[in-house]
$ cat upload.cif   # mmCIF, C-alpha atoms
data_my_file
#
loop_
_atom_site.group_PDB
_atom_site.id
_atom_site.type_symbol
_atom_site.label_atom_id
_atom_site.label_comp_id
_atom_site.auth_asym_id
_atom_site.auth_seq_id
_atom_site.Cartn_x
_atom_site.Cartn_y
_atom_site.Cartn_z
ATOM 1 C CA MET O 1 0.000 0.000 0.000
ATOM 2 C CA SER O 2 1.371 3.391 -0.935
ATOM 3 C CA GLN O 3 2.213 6.010 1.656
ATOM 4 C CA PHE O 4 -0.385 8.242 -0.016
ATOM 5 C CA VAL O 5 -3.165 5.699 0.594
ATOM 6 C CA GLN O 6 -2.002 5.188 4.185
ATOM 7 C CA SER O 7 -2.137 8.959 4.773
ATOM 8 C CA LEU O 8 -5.875 9.024 4.011
ATOM 9 C CA HIS O 9 -6.640 7.616 7.467
ATOM 10 C CA GLU O 10 -5.287 10.870 8.882
ATOM 11 C CA VAL O 11 -6.828 13.069 6.168
ATOM 12 C CA PHE O 12 -10.319 11.717 6.896
ATOM 13 C CA GLU O 13 -9.874 11.366 10.670
ATOM 14 C CA ARG O 14 -12.915 13.586 11.353
ATOM 15 C CA MET O 15 -15.156 11.087 9.567
ATOM 16 C CA GLY O 16 -14.180 8.284 11.914
ATOM 17 C CA ARG O 17 -12.807 4.964 10.793
ATOM 18 C CA ILE O 18 -12.120 4.396 7.102
ATOM 19 C CA GLU O 19 -10.930 1.271 5.325
ATOM 20 C CA THR O 20 -8.809 0.962 2.213
ATOM 21 C CA ARG O 21 -9.009 -2.017 -0.145
ATOM 22 C CA ARG O 22 -6.953 -2.797 -3.244
ATOM 23 C CA MET O 23 -8.972 -2.898 -6.415
ATOM 24 C CA PHE O 24 -8.193 -2.732 -10.143
ATOM 25 C CA GLY O 25 -4.679 -1.388 -9.657
ATOM 26 C CA GLY O 26 -5.869 1.293 -7.221
ATOM 27 C CA HIS O 27 -7.691 1.440 -3.906
ATOM 28 C CA GLY O 28 -11.291 1.854 -2.791
ATOM 29 C CA ILE O 29 -11.830 4.037 0.294
ATOM 30 C CA TYR O 30 -14.723 2.975 2.529
ATOM 31 C CA HIS O 31 -16.585 4.412 5.503
ATOM 32 C CA ASP O 32 -19.219 2.357 7.282
ATOM 33 C CA GLY O 33 -19.096 -0.263 4.528
ATOM 34 C CA ARG O 34 -19.678 2.121 1.622
ATOM 35 C CA MET O 35 -17.120 3.175 -0.951
ATOM 36 C CA PHE O 36 -16.980 6.970 -0.992
ATOM 37 C CA ALA O 37 -13.637 7.516 -2.701
ATOM 38 C CA LEU O 38 -11.039 5.829 -4.839
ATOM 39 C CA VAL O 39 -7.345 6.260 -5.451
ATOM 40 C CA ALA O 40 -5.781 5.753 -8.877
ATOM 41 C CA SER O 41 -2.154 6.674 -9.604
ATOM 42 C CA ASP O 42 -1.912 8.402 -6.200
ATOM 43 C CA THR O 43 -4.798 10.728 -7.074
ATOM 44 C CA LEU O 44 -7.843 10.841 -4.791
ATOM 45 C CA TYR O 45 -11.318 10.905 -6.330
ATOM 46 C CA LEU O 46 -14.514 11.441 -4.319
ATOM 47 C CA LYS O 47 -17.988 10.082 -5.076
ATOM 48 C CA ALA O 48 -20.215 12.685 -6.740
ATOM 49 C CA ASP O 49 -23.886 12.710 -7.685
ATOM 50 C CA ALA O 50 -26.516 15.143 -8.984
ATOM 51 C CA GLN O 51 -26.629 16.919 -5.613
ATOM 52 C CA THR O 52 -22.871 17.453 -5.323
ATOM 53 C CA LEU O 53 -21.637 17.630 -8.909
ATOM 54 C CA ALA O 54 -21.834 21.448 -9.044
ATOM 55 C CA GLU O 55 -19.346 21.691 -6.133
ATOM 56 C CA PHE O 56 -16.784 19.775 -8.178
ATOM 57 C CA GLU O 57 -17.549 21.483 -11.482
ATOM 58 C CA LYS O 58 -17.218 25.026 -10.151
ATOM 59 C CA ARG O 59 -13.660 24.116 -9.076
ATOM 60 C CA GLY O 60 -12.872 22.444 -12.390
ATOM 61 C CA LEU O 61 -12.218 19.059 -10.756
ATOM 62 C CA PRO O 62 -12.133 16.327 -13.427
ATOM 63 C CA ALA O 63 -13.966 13.020 -13.371
ATOM 64 C CA PHE O 64 -12.142 9.735 -12.921
ATOM 65 C CA GLY O 65 -12.119 7.865 -16.199
ATOM 66 C CA TYR O 66 -10.449 5.077 -18.091
ATOM 67 C CA GLU O 67 -10.146 3.837 -21.669
ATOM 68 C CA ARG O 68 -12.276 0.916 -22.806
ATOM 69 C CA GLU O 69 -12.353 -0.332 -26.378
ATOM 70 C CA GLY O 70 -10.957 2.975 -27.575
ATOM 71 C CA ARG O 71 -13.543 5.102 -25.736
ATOM 72 C CA ARG O 72 -13.209 7.167 -22.573
ATOM 73 C CA MET O 73 -15.461 5.907 -19.801
ATOM 74 C CA GLU O 74 -16.104 8.272 -16.891
ATOM 75 C CA MET O 75 -17.294 7.247 -13.461
ATOM 76 C CA SER O 76 -19.180 9.193 -10.798
ATOM 77 C CA TYR O 77 -15.990 10.103 -8.938
ATOM 78 C CA ARG O 78 -14.314 13.515 -9.161
ATOM 79 C CA GLN O 79 -10.810 14.562 -8.222
ATOM 80 C CA ALA O 80 -10.631 15.802 -4.632
ATOM 81 C CA PRO O 81 -9.760 19.455 -4.014
ATOM 82 C CA GLU O 82 -6.165 19.973 -2.864
ATOM 83 C CA GLU O 83 -7.114 21.830 0.342
ATOM 84 C CA ILE O 84 -8.416 18.659 1.984
ATOM 85 C CA PHE O 85 -4.833 17.470 2.426
ATOM 86 C CA GLU O 86 -4.018 20.480 4.609
ATOM 87 C CA ASP O 87 -7.355 21.272 6.289
ATOM 88 C CA ARG O 88 -9.036 18.493 8.306
ATOM 89 C CA ASP O 89 -12.324 20.445 8.505
ATOM 90 C CA GLU O 90 -12.451 20.642 4.702
ATOM 91 C CA ALA O 91 -11.480 16.975 4.434
ATOM 92 C CA GLY O 92 -14.347 16.084 6.756
ATOM 93 C CA ARG O 93 -16.802 18.230 4.800
ATOM 94 C CA TRP O 94 -15.801 16.825 1.403
ATOM 95 C CA GLY O 95 -15.618 13.287 2.797
ATOM 96 C CA ARG O 96 -19.162 13.583 4.170
ATOM 97 C CA LEU O 97 -20.426 14.967 0.840
ATOM 98 C CA ALA O 98 -18.898 11.965 -0.939
ATOM 99 C CA TRP O 99 -20.194 9.480 1.636
ATOM 100 C CA GLU O 100 -23.710 10.935 1.443
ATOM 101 C CA ALA O 101 -23.537 10.637 -2.363
ATOM 102 C CA ALA O 102 -22.572 6.978 -1.891
ATOM 103 C CA LEU O 103 -25.576 6.497 0.400
ATOM 104 C CA ARG O 104 -27.904 8.083 -2.163
ATOM 105 C CA SER O 105 -26.493 5.882 -4.934
ATOM 106 C CA GLY O 106 -28.288 2.920 -3.453
ATOM 107 C CA THR O 107 -25.174 0.784 -3.669
ATOM 108 C CA PRO O 108 -25.589 -1.676 -0.803
ATOM 109 C CA LYS O 109 -22.921 -2.284 1.773
ATOM 110 C CA ARG O 110 -20.444 -4.916 0.689
ATOM 111 C CA ALA O 111 -21.331 -8.117 2.518
ATOM 112 C CA ARG O 112 -18.472 -10.064 3.974
ATOM 113 C CA ARG O 113 -18.595 -13.780 3.407
ATOM 114 C CA PRO O 114 -18.083 -15.952 6.465
ATOM 115 C CA ALA O 115 -14.953 -18.062 6.492
ATOM 116 C CA ALA O 116 -15.441 -21.593 5.221
ATOM 117 C CA LYS O 117 -15.591 -24.242 7.918
ATOM 118 C CA LYS O 118 -12.989 -26.971 7.698
ATOM 119 C CA THR O 119 -13.539 -30.601 8.431
ATOM 120 C CA GLY O 120 -10.964 -32.974 9.804
ATOM 121 C CA ARG O 121 -9.793 -33.760 6.262
ATOM 122 C CA GLY O 122 -9.000 -30.100 5.472
ATOM 123 C CA LYS O 123 -11.796 -29.632 2.926
ATOM 124 C CA ALA O 124 -14.437 -26.879 3.203
ATOM 125 C CA ARG O 125 -17.994 -28.124 3.188
#
$ encode --input "upload.cif" --output "structure tokens"
Amino acid sequence: MSQFVQSLHEVFERMGRIETRRMFGGHGIYHDGRMFALVASDTLYLKADAQTLAEFEKRGLPAFGYEREGRRMEMSYRQAPEEIFEDRDEAGRWGRLAWEAALRSGTPKRARRPAAKKTGRGKAR
């Protein structure tokens, strides 16, 4: 895990506990089981929706995107404003905006599967 990703625990300390998980060459950032941010190439992107998009657009913050079959695909995540890395109040405000957008998206919490039980022969049943 990069030092940048590790630093996000401190950046978002006012939100409470966050989790980071590797995914697709980057990291998903979770609070209370919901992904509210992602990191790609050491750039932080926050979840945006119809209610928060104007906040990102008025600052000129670009959407996270990737190339697929020769076309640019954009996701509902926008680059985080730089001031959140220096101002914990701003980090908390932007983190809450992103988390609330994640809640509104209807994406359910990621369920954790229970560990498989082992029998005496070492096989899961």
$ closest_residue --input "upload.cif" --among "O:Ala91, O:Gly70, O:Thr43, O:Leu8" --to "Tyr30 (chain O)" --atoms "only C-alpha atoms"
O:Leu8
$ axis_aligned_box --input "upload.cif" --around "region 69-82 of chain O" --padding-each-side "4 Å" --output "lines of an AutoDock Vina configuration file"
center_x = -12.7
center_y = 9.8
center_z = -15.2
size_x = 21.0
size_y = 28.3
size_z = 32.7
$ resolve_selection --input "upload.cif" --expression "the PyMOL selection byres ((chain O and resi 84) around 12)" --output "list in words"
Ser7, Leu8, Glu10, Val11, Phe12, Glu13, Arg14, Leu44, Tyr45, Leu46, Gln79, Ala80, Pro81, Glu82, Glu83, Phe85, Glu86, Asp87, Arg88, Asp89, Glu90, Ala91, Gly92, Arg93, Trp94 and Gly95 of chain O
$ atom_distance --input "upload.cif" --atom1 "CA of Ala101 (chain O)" --atom2 "CA of Lys47 (chain O)"
6.2 Å
$ resolve_selection --input "upload.cif" --expression "the PyMOL selection byres ((chain O and resi 62) around 10)" --output "PyMOL selection string"
chain O and resi 45+56-57+59-61+63-65+74+77-80
$ write_last_selection --input "upload.cif" --atoms "C-alpha atoms" --output "short mmCIF file (atom, residue, chain, number, x, y, z; two decimals), in the coordinates of the input"
data_model
loop_
_atom_site.label_atom_id
_atom_site.label_comp_id
_atom_site.auth_asym_id
_atom_site.auth_seq_id
_atom_site.Cartn_x
_atom_site.Cartn_y
_atom_site.Cartn_z
CA TYR O 45 -11.32 10.90 -6.33
CA PHE O 56 -16.78 19.77 -8.18
CA GLU O 57 -17.55 21.48 -11.48
CA ARG O 59 -13.66 24.12 -9.08
CA GLY O 60 -12.87 22.44 -12.39
CA LEU O 61 -12.22 19.06 -10.76
CA ALA O 63 -13.97 13.02 -13.37
CA PHE O 64 -12.14 9.74 -12.92
CA GLY O 65 -12.12 7.86 -16.20
CA GLU O 74 -16.10 8.27 -16.89
CA TYR O 77 -15.99 10.10 -8.94
CA ARG O 78 -14.31 13.52 -9.16
CA GLN O 79 -10.81 14.56 -8.22
CA ALA O 80 -10.63 15.80 -4.63
#
$ atom_distance --input "upload.cif" --atom1 "CA of Asp42 (chain O)" --atom2 "CA of Gly25 (chain O)"
10.7 Å
$ atom_distance --input "upload.cif" --atom1 "CA of Ala48 (chain O)" --atom2 "CA of Gln3 (chain O)"
24.9 Å
$ resolve_selection --input "upload.cif" --expression "the PyMOL selection byres ((chain O and resi 1) around 10)" --output "ChimeraX atom specification"
/O:2-6,20-22,26-27
$ closest_residue --input "upload.cif" --among "O:Gly106, O:His31, O:Ser41, O:Ala98" --to "Gly16 (chain O)" --atoms "only C-alpha atoms"
O:His31
$ decode --input "upload.cif" --residues "region 58-69 of chain O" --atoms "all heavy atoms" --output "PDB file, in the first residue's frame"
ATOM      1  N   LYS O  58     -17.603  23.622 -10.300  1.00  0.00           N
ATOM      2  CA  LYS O  58     -17.218  25.026 -10.151  1.00  0.00           C
ATOM      3  C   LYS O  58     -15.732  25.176  -9.814  1.00  0.00           C
ATOM      4  O   LYS O  58     -15.156  26.236  -9.998  1.00  0.00           O
ATOM      5  CB  LYS O  58     -18.101  25.744  -9.135  1.00  0.00           C
ATOM      6  CG  LYS O  58     -17.860  25.454  -7.697  1.00  0.00           C
ATOM      7  CD  LYS O  58     -18.843  26.240  -6.837  1.00  0.00           C
ATOM      8  CE  LYS O  58     -18.657  25.931  -5.367  1.00  0.00           C
ATOM      9  NZ  LYS O  58     -19.667  26.599  -4.545  1.00  0.00           N
ATOM     10  N   ARG O  59     -15.102  24.108  -9.348  1.00  0.00           N
ATOM     11  CA  ARG O  59     -13.660  24.116  -9.076  1.00  0.00           C
ATOM     12  C   ARG O  59     -12.862  23.495 -10.216  1.00  0.00           C
ATOM     13  O   ARG O  59     -11.643  23.390 -10.131  1.00  0.00           O
ATOM     14  CB  ARG O  59     -13.374  23.351  -7.788  1.00  0.00           C
ATOM     15  CG  ARG O  59     -13.928  24.046  -6.571  1.00  0.00           C
ATOM     16  CD  ARG O  59     -13.893  23.096  -5.392  1.00  0.00           C
ATOM     17  NE  ARG O  59     -14.352  23.744  -4.196  1.00  0.00           N
ATOM     18  CZ  ARG O  59     -13.563  24.221  -3.245  1.00  0.00           C
ATOM     19  NH1 ARG O  59     -12.266  24.106  -3.361  1.00  0.00           N
ATOM     20  NH2 ARG O  59     -14.078  24.797  -2.185  1.00  0.00           N
ATOM     21  N   GLY O  60     -13.557  23.038 -11.243  1.00  0.00           N
ATOM     22  CA  GLY O  60     -12.872  22.444 -12.390  1.00  0.00           C
ATOM     23  C   GLY O  60     -12.222  21.109 -12.092  1.00  0.00           C
ATOM     24  O   GLY O  60     -11.210  20.757 -12.706  1.00  0.00           O
ATOM     25  N   LEU O  61     -12.795  20.345 -11.151  1.00  0.00           N
ATOM     26  CA  LEU O  61     -12.218  19.059 -10.756  1.00  0.00           C
ATOM     27  C   LEU O  61     -12.690  17.961 -11.716  1.00  0.00           C
ATOM     28  O   LEU O  61     -13.888  17.716 -11.838  1.00  0.00           O
ATOM     29  CB  LEU O  61     -12.602  18.740  -9.309  1.00  0.00           C
ATOM     30  CG  LEU O  61     -12.068  19.756  -8.292  1.00  0.00           C
ATOM     31  CD1 LEU O  61     -12.726  19.565  -6.935  1.00  0.00           C
ATOM     32  CD2 LEU O  61     -10.557  19.653  -8.185  1.00  0.00           C
ATOM     33  N   PRO O  62     -11.770  17.302 -12.396  1.00  0.00           N
ATOM     34  CA  PRO O  62     -12.133  16.327 -13.427  1.00  0.00           C
ATOM     35  C   PRO O  62     -12.677  15.016 -12.857  1.00  0.00           C
ATOM     36  O   PRO O  62     -12.400  14.639 -11.732  1.00  0.00           O
ATOM     37  CB  PRO O  62     -10.818  16.090 -14.163  1.00  0.00           C
ATOM     38  CG  PRO O  62      -9.760  16.357 -13.142  1.00  0.00           C
ATOM     39  CD  PRO O  62     -10.314  17.448 -12.257  1.00  0.00           C
ATOM     40  N   ALA O  63     -13.423  14.334 -13.712  1.00  0.00           N
ATOM     41  CA  ALA O  63     -13.966  13.020 -13.371  1.00  0.00           C
ATOM     42  C   ALA O  63     -12.882  11.958 -13.524  1.00  0.00           C
ATOM     43  O   ALA O  63     -11.977  12.094 -14.349  1.00  0.00           O
ATOM     44  CB  ALA O  63     -15.151  12.688 -14.274  1.00  0.00           C
ATOM     45  N   PHE O  64     -13.000  10.898 -12.735  1.00  0.00           N
ATOM     46  CA  PHE O  64     -12.142   9.735 -12.921  1.00  0.00           C
ATOM     47  C   PHE O  64     -12.640   9.003 -14.157  1.00  0.00           C
ATOM     48  O   PHE O  64     -13.837   8.805 -14.349  1.00  0.00           O
ATOM     49  CB  PHE O  64     -12.215   8.801 -11.711  1.00  0.00           C
ATOM     50  CG  PHE O  64     -11.523   7.492 -11.954  1.00  0.00           C
ATOM     51  CD1 PHE O  64     -10.140   7.423 -11.941  1.00  0.00           C
ATOM     52  CD2 PHE O  64     -12.244   6.345 -12.213  1.00  0.00           C
ATOM     53  CE1 PHE O  64      -9.484   6.224 -12.183  1.00  0.00           C
ATOM     54  CE2 PHE O  64     -11.601   5.141 -12.446  1.00  0.00           C
ATOM     55  CZ  PHE O  64     -10.218   5.075 -12.431  1.00  0.00           C
ATOM     56  N   GLY O  65     -11.728   8.601 -15.007  1.00  0.00           N
ATOM     57  CA  GLY O  65     -12.119   7.865 -16.199  1.00  0.00           C
ATOM     58  C   GLY O  65     -11.034   6.898 -16.625  1.00  0.00           C
ATOM     59  O   GLY O  65      -9.909   6.922 -16.100  1.00  0.00           O
ATOM     60  N   TYR O  66     -11.378   6.064 -17.557  1.00  0.00           N
ATOM     61  CA  TYR O  66     -10.449   5.077 -18.091  1.00  0.00           C
ATOM     62  C   TYR O  66     -10.830   4.796 -19.540  1.00  0.00           C
ATOM     63  O   TYR O  66     -11.929   5.141 -19.986  1.00  0.00           O
ATOM     64  CB  TYR O  66     -10.465   3.786 -17.254  1.00  0.00           C
ATOM     65  CG  TYR O  66     -11.823   3.129 -17.186  1.00  0.00           C
ATOM     66  CD1 TYR O  66     -12.181   2.129 -18.089  1.00  0.00           C
ATOM     67  CD2 TYR O  66     -12.759   3.524 -16.232  1.00  0.00           C
ATOM     68  CE1 TYR O  66     -13.438   1.536 -18.033  1.00  0.00           C
ATOM     69  CE2 TYR O  66     -14.007   2.934 -16.165  1.00  0.00           C
ATOM     70  CZ  TYR O  66     -14.342   1.947 -17.071  1.00  0.00           C
ATOM     71  OH  TYR O  66     -15.586   1.369 -17.026  1.00  0.00           O
ATOM     72  N   GLU O  67      -9.910   4.188 -20.275  1.00  0.00           N
ATOM     73  CA  GLU O  67     -10.146   3.837 -21.669  1.00  0.00           C
ATOM     74  C   GLU O  67     -10.686   2.420 -21.756  1.00  0.00           C
ATOM     75  O   GLU O  67     -10.168   1.515 -21.110  1.00  0.00           O
ATOM     76  CB  GLU O  67      -8.848   3.932 -22.478  1.00  0.00           C
ATOM     77  CG  GLU O  67      -8.285   5.321 -22.578  1.00  0.00           C
ATOM     78  CD  GLU O  67      -9.129   6.262 -23.422  1.00  0.00           C
ATOM     79  OE1 GLU O  67      -9.665   5.822 -24.459  1.00  0.00           O
ATOM     80  OE2 GLU O  67      -9.253   7.437 -23.032  1.00  0.00           O
ATOM     81  N   ARG O  68     -11.711   2.253 -22.577  1.00  0.00           N
ATOM     82  CA  ARG O  68     -12.276   0.916 -22.806  1.00  0.00           C
ATOM     83  C   ARG O  68     -12.685   0.824 -24.269  1.00  0.00           C
ATOM     84  O   ARG O  68     -13.504   1.618 -24.728  1.00  0.00           O
ATOM     85  CB  ARG O  68     -13.491   0.685 -21.911  1.00  0.00           C
ATOM     86  CG  ARG O  68     -14.066  -0.701 -22.061  1.00  0.00           C
ATOM     87  CD  ARG O  68     -15.161  -0.924 -21.075  1.00  0.00           C
ATOM     88  NE  ARG O  68     -15.717  -2.248 -21.238  1.00  0.00           N
ATOM     89  CZ  ARG O  68     -16.720  -2.710 -20.573  1.00  0.00           C
ATOM     90  NH1 ARG O  68     -17.310  -1.936 -19.666  1.00  0.00           N
ATOM     91  NH2 ARG O  68     -17.173  -3.913 -20.771  1.00  0.00           N
ATOM     92  N   GLU O  69     -12.086  -0.118 -24.963  1.00  0.00           N
ATOM     93  CA  GLU O  69     -12.353  -0.332 -26.378  1.00  0.00           C
ATOM     94  C   GLU O  69     -12.252   0.968 -27.172  1.00  0.00           C
ATOM     95  O   GLU O  69     -13.088   1.285 -28.014  1.00  0.00           O
ATOM     96  CB  GLU O  69     -13.732  -0.977 -26.561  1.00  0.00           C
ATOM     97  CG  GLU O  69     -13.829  -2.350 -25.928  1.00  0.00           C
ATOM     98  CD  GLU O  69     -15.214  -2.961 -26.041  1.00  0.00           C
ATOM     99  OE1 GLU O  69     -16.084  -2.394 -26.719  1.00  0.00           O
ATOM    100  OE2 GLU O  69     -15.417  -4.025 -25.439  1.00  0.00           O
TER     101      GLU O  69
END
